[in-house]
Every structure is written in C-alpha cells, then in structure tokens.
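Worksheet: one structure, shown below.
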Amino acid sequence: MIDALVEQVGKLSKRLEKVEREGKRQAAPFSKGRKADLKKPGRKSGEDHGKHQRRAAPEQIDKTYDVPLPSCCPGCGCDQLTKTETRIQYQTEISRTVIYQQFNIDAGTCTGCGAAVEGRHELQTSDATGGAAVQLGPNVHAAMALVNKELGLSHGKV
C-alpha cells in the first residue's frame with residue numbers, strides 16, 4: 001500500500017513540475033497547448049491556391065537594352081559560361097526633363113487712368129521682372145516642399 005502511494009506521489013510530482021514549467025513559457029495568449037498535426041506553413045503548390053498574376057507588359061517600348069552574361073562566374077570565377085536562354089524584364093520609369101520657359105510680358109499704361117498695366121500668364125509664379133526675373137516653376141516648388149516636409153531635408157540643402 002505504501003509503495004503504491006509513493007509511486008503515485010512521484011507521478012504527481014512529475015506532472016506538477018511539467019505544469020509549472022509550461023506556465024513559465026511565453027506562449028501565445030490563451031494557448032491551450034500544442035496541436036499534434038499542424039499544417040505546413042506557406043502557400044500550397046499546385047492549382048489549389050489560384051492563378052498566378054503579374055503586371056501586364058507595356059504596350060509600347062521606348063528603349064531596349066541587351067544585357068550579356070558576365071565575363072566570368074561570380075561564384076567560382078570560371079570564364080566558360082554557356083547561354084541557355086534570354087529572359088525579359090520590363091521597367092517603367094517616370095522621366096522628368098528640365099523645361100526652360102521664357103515669358104515675354106507686354107507692359108503698358110492705361111489711357112483712362114494712367115496706371116501701369118502688364119500681362120500675366122497662368123504658368124507664371126511671380127510678377128517680378130528685372131533683378132528678380134529668374135524664377136523657379138511650380139513643379140520645382142512642389143518637389144522642394146516634398147523633399148523638405150516629407151523627407152526631412154533642411155531648407156538650406158533643398
């Protein structure tokens with residue numbers, strides 16, 4: 001009888017230690033232990049997960065570049081490389097070109113009141129002429145504001 005009780009106390013002690021150790025682990029909230037048959041993580045292979053998609057190739061190609069194989073293998077340095085295929089990659093780029101604009105502003109006087117009058121174009125950023133005639137356009141000002149406010153570059157460096 002005593003032997004059976006000693007054996008039961010031993011089993012219960014081991015079980016208590018196991019429960020105390022599990023309580024100290026950083027498990028997910030409300031964890032109820034580990035599941036026996038977990039599914040493999042990640043996207044499953046085959047047709048079960050749907051059709052593969054990618055961005056459509058552009059309809060118009062402005063420039064084409066040929067990219068040959070390197071002169072030697074970057075891994076081992078061997079210079080005997082054999083071309084097996086040509087892969088295609090498309091890249092879309094937004095180009096910005098500098099546009100220099102000149103405004104020929106007609107100036108005159110009003111015959112009714114004698115006030116000075118000058119023309120104004122919608123693309124002008126300022127009425128200044130003379131010493132302050134060279135101006136930056138609205139796209140430059142927008143880019144400067146973006147670089148300063150969004151990216152944190154100082155006014156002096158902008």
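Chain lettering (A, B, ...) mirrors the order of the structure tokens, residue numbering begins at 1 for each chain separately, and ligand numbering begins at 1 in order of display.
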
Query raised in the report: Residues of segment 3-148 of chain A in alpha helix (DSSP H) according to DSSP, as an MDAnalysis selection string?
Result: chainID A and resid 3:24 138:145

Query raised in the report: If you count only C-alpha atoms, which residues fall within 9 Å of Gln124 of chain A, apart from same-chain ones fewer than 3 positions away, as a ChimeraX atom specification?
Result: /A:103,120-121,127,135,137-138

Just to be explicit: take each residue in the selection above, keep C-alpha atoms, and write the result as a PDB file, in the first residue's frame.
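Once written, selection.pdb looks like this:
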```pdb
ATOM      1  CA  PHE A 103       7.578  84.829 -70.733  1.00  0.00           C
ATOM      2  CA  ARG A 120       0.021  87.798 -66.769  1.00  0.00           C
ATOM      3  CA  HIS A 121       0.276  84.162 -67.935  1.00  0.00           C
ATOM      4  CA  ASP A 127       5.147  89.169 -61.372  1.00  0.00           C
ATOM      5  CA  GLN A 135      12.129  82.160 -61.075  1.00  0.00           C
ATOM      6  CA  GLY A 137       8.404  76.937 -61.519  1.00  0.00           C
ATOM      7  CA  PRO A 138       5.553  75.330 -59.562  1.00  0.00           C
TER       8      PRO A 138
END
```

Exercise: Pro58 of chain A partners within 9 Å, only C-alpha atoms, chain neighbours under 3 positions left out, as an mmCIF file with N, CA, C and O atoms, in the first residue's frame:
```cif
data_model
loop_
_atom_site.group_PDB
_atom_site.id
_atom_site.type_symbol
_atom_site.label_atom_id
_atom_site.label_comp_id
_atom_site.auth_asym_id
_atom_site.auth_seq_id
_atom_site.Cartn_x
_atom_site.Cartn_y
_atom_site.Cartn_z
ATOM 1 N N ARG A 55 1.967 42.015 -63.320
ATOM 2 C CA ARG A 55 1.652 43.237 -64.045
ATOM 3 C C ARG A 55 1.794 42.978 -65.536
ATOM 4 O O ARG A 55 2.706 42.286 -65.970
ATOM 5 N N ILE A 61 7.344 50.061 -76.150
ATOM 6 C CA ILE A 61 8.701 50.000 -75.609
ATOM 7 C C ILE A 61 9.491 51.153 -76.219
ATOM 8 O O ILE A 61 9.624 51.240 -77.447
ATOM 9 N N TYR A 90 10.652 44.048 -67.861
ATOM 10 C CA TYR A 90 10.141 45.347 -68.252
ATOM 11 C C TYR A 90 10.257 46.293 -67.070
ATOM 12 O O TYR A 90 10.066 45.899 -65.925
ATOM 13 N N GLN A 91 10.571 47.542 -67.351
ATOM 14 C CA GLN A 91 10.686 48.538 -66.294
ATOM 15 C C GLN A 91 10.032 49.822 -66.771
ATOM 16 O O GLN A 91 10.279 50.278 -67.884
ATOM 17 N N THR A 92 9.190 50.377 -65.929
ATOM 18 C CA THR A 92 8.523 51.631 -66.237
ATOM 19 C C THR A 92 9.188 52.728 -65.434
ATOM 20 O O THR A 92 9.385 52.579 -64.227
#
```

Query raised in the report: How would you write, as number ranges by chain, the set of residues in chain A that DSSP gives as strand (DSSP E or B)?
Result: A: 107-109, 116-118

Can you write out the residues you just picked, keeping N, CA, C and O atoms, as a short mmCIF file (atom, residue, chain, number, x, y, z; two decimals), in the first residue's frame?
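Listing of selection39.cif after writing:
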```cif
data_model
loop_
_atom_site.label_atom_id
_atom_site.label_comp_id
_atom_site.auth_asym_id
_atom_site.auth_seq_id
_atom_site.Cartn_x
_atom_site.Cartn_y
_atom_site.Cartn_z
N ALA A 107 3.93 95.21 -71.35
CA ALA A 107 3.67 96.20 -70.30
C ALA A 107 3.23 97.49 -70.96
O ALA A 107 3.65 97.80 -72.08
N GLY A 108 2.38 98.23 -70.28
CA GLY A 108 1.90 99.50 -70.83
C GLY A 108 1.20 100.33 -69.78
O GLY A 108 1.31 100.06 -68.58
N THR A 109 0.48 101.30 -70.24
CA THR A 109 -0.26 102.17 -69.33
C THR A 109 -1.70 102.26 -69.78
O THR A 109 -2.02 102.13 -70.96
N ALA A 116 -0.02 101.75 -64.43
CA ALA A 116 0.85 100.79 -65.13
C ALA A 116 0.14 99.44 -65.20
O ALA A 116 -0.42 98.96 -64.21
N VAL A 117 0.16 98.81 -66.36
CA VAL A 117 -0.53 97.53 -66.57
C VAL A 117 0.44 96.59 -67.27
O VAL A 117 1.20 97.02 -68.14
N GLU A 118 0.42 95.31 -66.85
CA GLU A 118 1.23 94.30 -67.55
C GLU A 118 0.46 93.01 -67.65
O GLU A 118 -0.43 92.72 -66.84
#
```
